[in-house]
Amino acid sequence: MTPGSEIGLLRLVAQRVAGPRAATPAEAVRRLTAVQGQDYPGSVTSVALRTAGRSRAEVLEAMDRGEIVRSWPMRGTLHLTLAEDLPWMLDLLGERALAGVAKRRALLGLSDDDVARACEAAVAALSGGRRLSRAQLLAAIDAGGVPVTGQRGYHLLWFAAQTGHTCLGPTVDGEQQFVLLDEWVPHPRRPAREEALGELAARFFSGHGPATVQDLARWSGLTVRDCRAGLAVARDQLESLSVDGVEHFLDPATPELLAACREEARSTVLLPGFDEFVLGYGDRSAVLDPAHATRIAPGANGMFLSTVVVEGRVVGTWRYEGRGARRAAVGTAFDPADAALVAGVPELAAALP
C-alpha cells in the first residue's frame with residue numbers, strides 16, 4: 001500500500017519534472033506521449049523544463065524541423081505529439097472525438113458538403129509544401145465558397161486536422177503555420193489497433209504513472225473497456241501499486257529514480273497553466289485538494305492558471321503582474337498559512353525556460 005502523499009512525487013519524476021531530464025525535446029514529448037497544447041507558449045515551457053537544456057529555442061527548433069507537431073489528436077483538444085505518432089493517434093482516438101460533430105455543425109449552420117469543400121480547399125491551398133497562417137488558411141476556405149464567420153472557422157480548421165488533412169507545423173513571426181499532414185509527416189507509423197492500444201497504455205502509465213485506468217480513459221477519451229484492453233497488452237512492462245485500495249500503474253523504474261532525487265522532487269516547482277502534471281489525470285485529488293480545484297480554473301471556462309507545486313502537491317497559483325521593468329511574478333497560496341511556500345516565486349519564475 002502506497003500513501004497518497006507519494007503519488008505527486010512519483011509523478012514529478014515520471015514526467016521528468018524532477019530527477020533525470022530528457023536529453024531532447026522530442027524525448028520529453030515521447031515520454032508524455034501528448035502534451036497539452038491549448039496555450040502554445042505554455043506548452044513550449046512545459047516541454048523545455050523537462051529537458052536537460054531547459055531551452056525554449058530547442059523546443060521551437062524541434063517543431064520547425066517537424067519532429068514535434070501540434071494538432072488535435074484526442075478529445076478535440078490541442079496537444080503536442082511526436083510527428084510520427086500523430087497519424088496513428090488520430091486513427092485510434094479520432095472516432096470518439098468526432099462523435100458529436102453532426103450536432104455541432106447543425107448549430108453552426110454547416111452542412112456535410114460545406115465541410116467536405118472546406119477540406120478540399122485547405123488541401124489545395126497547402127499542397128506543394130505551402131505553409132499558411134490561420135488567417136490565410138481561413139481566407140482560402142472562404143474563397144472556396146464555405147463561410148468561416150463566427151465559430152465556423154475554428155470548427156473547419158479543427159475538423160481538417162482531426163481527420164488527418166492538416167496539422168500545425170513551423171512557427172513564423174510567433175505564429176504556427178498550417179501544413180498538410182501527409183507532406184509534413186511523410187513516414188508515419190501505423191500500428192494495428194491492438195498494438196496501438198497497448199502502446200498508448202504503456203507510454204501513458206510510464207510517463208504519467210502512478211495513474212489509474214480511469215485516468216487513462218479521461219486523458220485519452222477512450223472507453224474504459226478499450227483502456228483495459230490496452231493495459232492487458234502493456235501489463236508486463238508496468239508495475240502496479242495500491243493507493244487507498246485503488247490499483248495504479250507506473251514505470252517500474254520510477255520508485256528507484258524518486259529515491260535518488262527525493263529532495264529535488266520535494267522542492268518548489270513552478271508549472272505553466274495546462275501542464276500535464278495537473279491536467280493529465282481524471283482524478284487530481286492526489287496532487288490538488290478538491291476544495292481548491294476552482295482556484296486553478298476560476299470561472300469554469302476551460303482556462304487553467306499556472307501552479308506552484310511543493311512536495312508534489314499544488315499549493316497555489318502564480319502569474320505575472322505589471323509591465324516592462326515593473327513586471328514581476330507573484331504567487332498566491334491557497335491557504336494563507338502557506339504563504340511562505342510561494343515566497344520564492346519571483347526567483348523561480350526568472351529561472352523558467
# chains A, B, ... in the order shown; residues from 1 in each chain; ligands from 1
$ residues_around --residues "segment 83-92 of chain A" --least-positions-apart "6" --cutoff "9 Å" --atoms "only C-alpha atoms" --output "NGL selection string"
:A and (30 or 33 or 63 or 66-74 or 162-164 or 181 or 184-193 or 196-197 or 200 or 222)
$ write_last_selection --atoms "N, CA, C and O atoms" --output "compact mmCIF listing (two decimals), in the first residue's frame"
# COMPACT_ATOMS: atom_id res chain seq x y z
N ARG A 30 7.91 12.38 -26.25
CA ARG A 30 7.66 10.94 -26.35
C ARG A 30 7.34 10.37 -24.97
O ARG A 30 6.46 9.51 -24.84
N THR A 33 3.85 11.22 -24.33
CA THR A 33 3.02 10.80 -25.46
C THR A 33 2.29 11.99 -26.08
O THR A 33 2.29 12.16 -27.29
N MET A 63 10.15 21.66 -33.39
CA MET A 63 8.88 21.80 -34.08
C MET A 63 9.08 22.28 -35.51
O MET A 63 8.41 21.81 -36.44
N GLY A 66 9.99 19.54 -37.72
CA GLY A 66 8.95 18.54 -37.93
C GLY A 66 9.07 17.33 -37.03
O GLY A 66 8.40 16.33 -37.27
N GLU A 67 9.88 17.40 -35.99
CA GLU A 67 9.98 16.29 -35.04
C GLU A 67 8.77 16.26 -34.11
O GLU A 67 8.28 15.19 -33.73
N ILE A 68 8.31 17.43 -33.72
CA ILE A 68 7.16 17.60 -32.83
C ILE A 68 6.10 18.39 -33.58
O ILE A 68 6.43 19.38 -34.26
N VAL A 69 4.86 17.97 -33.49
CA VAL A 69 3.78 18.69 -34.15
C VAL A 69 2.69 19.03 -33.12
O VAL A 69 2.61 18.43 -32.06
N ARG A 70 1.86 19.98 -33.51
CA ARG A 70 0.74 20.39 -32.65
C ARG A 70 -0.54 20.20 -33.44
O ARG A 70 -0.66 20.65 -34.58
N SER A 71 -1.48 19.49 -32.83
CA SER A 71 -2.74 19.23 -33.51
C SER A 71 -3.78 18.81 -32.48
O SER A 71 -3.59 19.02 -31.28
N TRP A 72 -4.86 18.21 -32.97
CA TRP A 72 -5.97 17.80 -32.12
C TRP A 72 -6.06 16.26 -32.11
O TRP A 72 -7.00 15.69 -32.67
N PRO A 73 -5.12 15.55 -31.47
CA PRO A 73 -5.12 14.09 -31.56
C PRO A 73 -6.19 13.41 -30.73
O PRO A 73 -6.56 12.27 -31.02
N MET A 74 -6.69 14.07 -29.68
CA MET A 74 -7.66 13.40 -28.82
C MET A 74 -8.51 14.41 -28.07
O MET A 74 -8.09 15.53 -27.81
N GLN A 162 -8.39 17.12 -37.41
CA GLN A 162 -8.86 15.92 -36.73
C GLN A 162 -8.99 14.75 -37.69
O GLN A 162 -8.82 13.58 -37.29
N THR A 163 -9.28 15.01 -38.93
CA THR A 163 -9.45 13.96 -39.93
C THR A 163 -8.17 13.70 -40.73
O THR A 163 -8.19 13.00 -41.75
N GLY A 164 -7.05 14.27 -40.26
CA GLY A 164 -5.76 13.93 -40.83
C GLY A 164 -5.36 14.66 -42.09
O GLY A 164 -4.41 14.26 -42.76
N LEU A 181 -0.64 17.32 -43.40
CA LEU A 181 -0.09 16.28 -42.55
C LEU A 181 0.72 15.27 -43.36
O LEU A 181 1.83 14.89 -42.96
N TRP A 184 4.04 16.90 -44.21
CA TRP A 184 4.87 17.24 -43.05
C TRP A 184 5.35 15.98 -42.33
O TRP A 184 6.41 15.98 -41.71
N VAL A 185 4.56 14.92 -42.40
CA VAL A 185 4.92 13.65 -41.75
C VAL A 185 4.92 12.57 -42.84
O VAL A 185 3.97 11.80 -42.97
N PRO A 186 5.99 12.50 -43.64
CA PRO A 186 5.99 11.59 -44.78
C PRO A 186 6.16 10.11 -44.41
O PRO A 186 5.87 9.24 -45.23
N HIS A 187 6.62 9.84 -43.19
CA HIS A 187 6.84 8.45 -42.79
C HIS A 187 6.13 8.15 -41.46
O HIS A 187 6.76 7.91 -40.44
N PRO A 188 4.80 8.14 -41.47
CA PRO A 188 4.05 7.91 -40.23
C PRO A 188 4.10 6.44 -39.81
O PRO A 188 4.33 5.55 -40.63
N ARG A 189 3.89 6.23 -38.54
CA ARG A 189 3.72 4.87 -38.05
C ARG A 189 2.24 4.54 -38.07
O ARG A 189 1.40 5.39 -37.80
N ARG A 190 1.90 3.27 -38.37
CA ARG A 190 0.51 2.86 -38.45
C ARG A 190 0.34 1.50 -37.77
O ARG A 190 0.05 0.49 -38.43
N PRO A 191 0.53 1.40 -36.46
CA PRO A 191 0.35 0.11 -35.79
C PRO A 191 -1.11 -0.34 -35.85
O PRO A 191 -2.03 0.48 -35.93
N ALA A 192 -1.31 -1.66 -35.81
CA ALA A 192 -2.67 -2.20 -35.75
C ALA A 192 -3.33 -1.75 -34.45
O ALA A 192 -2.66 -1.35 -33.50
N ARG A 193 -4.66 -1.82 -34.41
CA ARG A 193 -5.40 -1.26 -33.28
C ARG A 193 -4.96 -1.84 -31.94
O ARG A 193 -4.74 -1.09 -30.98
N ALA A 196 -1.67 -0.48 -31.03
CA ALA A 196 -1.78 0.94 -30.70
C ALA A 196 -2.35 1.14 -29.30
O ALA A 196 -1.88 1.98 -28.54
N LEU A 197 -3.38 0.37 -28.95
CA LEU A 197 -3.94 0.45 -27.59
C LEU A 197 -2.88 0.10 -26.56
O LEU A 197 -2.77 0.77 -25.51
N LEU A 200 -0.26 2.96 -26.34
CA LEU A 200 -0.80 4.12 -25.65
C LEU A 200 -0.82 3.89 -24.15
O LEU A 200 -0.43 4.76 -23.37
N LEU A 222 -10.72 7.54 -24.67
CA LEU A 222 -11.15 6.18 -24.98
C LEU A 222 -12.13 5.67 -23.93
O LEU A 222 -12.24 6.23 -22.83
$ residues_around --residues "Gly8 of chain A" --least-positions-apart "5" --cutoff "7 Å" --atoms "only C-alpha atoms" --output "list in words"
Ala286, Val287, Gly312 and Arg313 of chain A
$ residues_around --residues "segment 259-261 of chain A" --least-positions-apart "3" --cutoff "9 Å" --atoms "only C-alpha atoms" --output "compact mmCIF listing (two decimals) with all heavy atoms, in the first residue's frame"
# COMPACT_ATOMS: atom_id res chain seq x y z
N VAL A 13 8.66 12.74 -11.02
CA VAL A 13 9.81 12.01 -11.56
C VAL A 13 9.43 11.33 -12.88
O VAL A 13 10.18 11.38 -13.85
CB VAL A 13 10.33 10.98 -10.55
CG1 VAL A 13 11.43 10.12 -11.16
CG2 VAL A 13 10.85 11.69 -9.31
N ALA A 18 11.25 16.33 -12.20
CA ALA A 18 12.30 16.15 -11.21
C ALA A 18 13.14 14.94 -11.62
O ALA A 18 12.66 14.07 -12.35
CB ALA A 18 11.71 15.94 -9.82
N GLY A 19 14.37 14.90 -11.13
CA GLY A 19 15.23 13.78 -11.47
C GLY A 19 15.85 13.95 -12.84
O GLY A 19 15.98 15.08 -13.34
N PRO A 20 16.25 12.87 -13.48
CA PRO A 20 16.91 12.97 -14.80
C PRO A 20 15.98 13.52 -15.85
O PRO A 20 14.87 13.03 -16.04
CB PRO A 20 17.30 11.52 -15.10
CG PRO A 20 16.35 10.68 -14.30
CD PRO A 20 16.09 11.46 -13.05
N THR A 254 10.45 4.10 -11.87
CA THR A 254 10.14 5.38 -11.24
C THR A 254 10.42 5.41 -9.73
O THR A 254 11.01 6.39 -9.23
CB THR A 254 8.67 5.77 -11.52
OG1 THR A 254 8.50 5.91 -12.94
CG2 THR A 254 8.31 7.09 -10.86
N PRO A 255 10.04 4.41 -8.93
CA PRO A 255 10.33 4.48 -7.49
C PRO A 255 11.81 4.61 -7.18
O PRO A 255 12.20 5.39 -6.30
CB PRO A 255 9.75 3.16 -6.97
CG PRO A 255 8.66 2.82 -7.92
CD PRO A 255 9.19 3.25 -9.26
N GLU A 256 12.66 3.89 -7.91
CA GLU A 256 14.10 3.98 -7.68
C GLU A 256 14.63 5.36 -8.05
O GLU A 256 15.49 5.93 -7.37
CB GLU A 256 14.82 2.90 -8.47
CG GLU A 256 16.32 2.84 -8.19
CD GLU A 256 17.01 1.69 -8.90
OE1 GLU A 256 16.31 0.78 -9.37
OE2 GLU A 256 18.25 1.70 -8.97
N GLU A 264 15.00 16.90 -4.37
CA GLU A 264 14.63 17.74 -5.52
C GLU A 264 13.14 17.67 -5.78
O GLU A 264 12.49 18.70 -6.04
CB GLU A 264 15.40 17.31 -6.77
CG GLU A 264 15.05 18.17 -7.98
CD GLU A 264 15.54 17.58 -9.29
OE1 GLU A 264 16.22 16.55 -9.27
OE2 GLU A 264 15.22 18.17 -10.34
N ALA A 265 12.58 16.47 -5.74
CA ALA A 265 11.14 16.31 -6.02
C ALA A 265 10.29 17.04 -4.99
O ALA A 265 9.19 17.49 -5.30
CB ALA A 265 10.79 14.83 -6.05
N ARG A 266 10.80 17.15 -3.75
CA ARG A 266 10.03 17.82 -2.70
C ARG A 266 10.14 19.34 -2.77
O ARG A 266 9.40 20.05 -2.09
CB ARG A 266 10.53 17.36 -1.32
CG ARG A 266 10.25 15.88 -1.03
CD ARG A 266 10.78 15.51 0.35
NE ARG A 266 10.09 16.28 1.38
CZ ARG A 266 10.54 16.40 2.64
NH1 ARG A 266 11.68 15.84 2.99
NH2 ARG A 266 9.85 17.10 3.51
$ residues_around --residues "Arg104 of chain A" --least-positions-apart "4" --cutoff "12 Å" --atoms "only C-alpha atoms" --output "VMD selection string"
chain A and resid 98 to 100 108 to 112 151 to 152 154 to 156 159
$ closest_residue --among "A:Ala333, A:Ala201, A:Ala325, A:Val35" --to "Leu216 of chain A" --atoms "only C-alpha atoms"
A:Ala201
$ atom_distance --atom1 "atom CA of Arg131 of chain A" --atom2 "atom CA of Ala28 of chain A"
26.1 Å
$ select_by_dssp --residues "segment 4-151 of chain A" --states "strand (DSSP E or B)" --output "list in words"
Ala22, Val35, Gln36, Thr51, Ile68, Val69, Arg70, Ser71, Trp72, Pro73, Met74, Thr77, Leu78, His79, Leu80, Thr81, Leu82 and Leu132 of chain A
$ select_by_dssp --residues "segment 19-119 of chain A" --states "alpha helix (DSSP H)" --output "ChimeraX atom specification"
/A:25-32,40-48,56-64,86-97,101-108,112-119
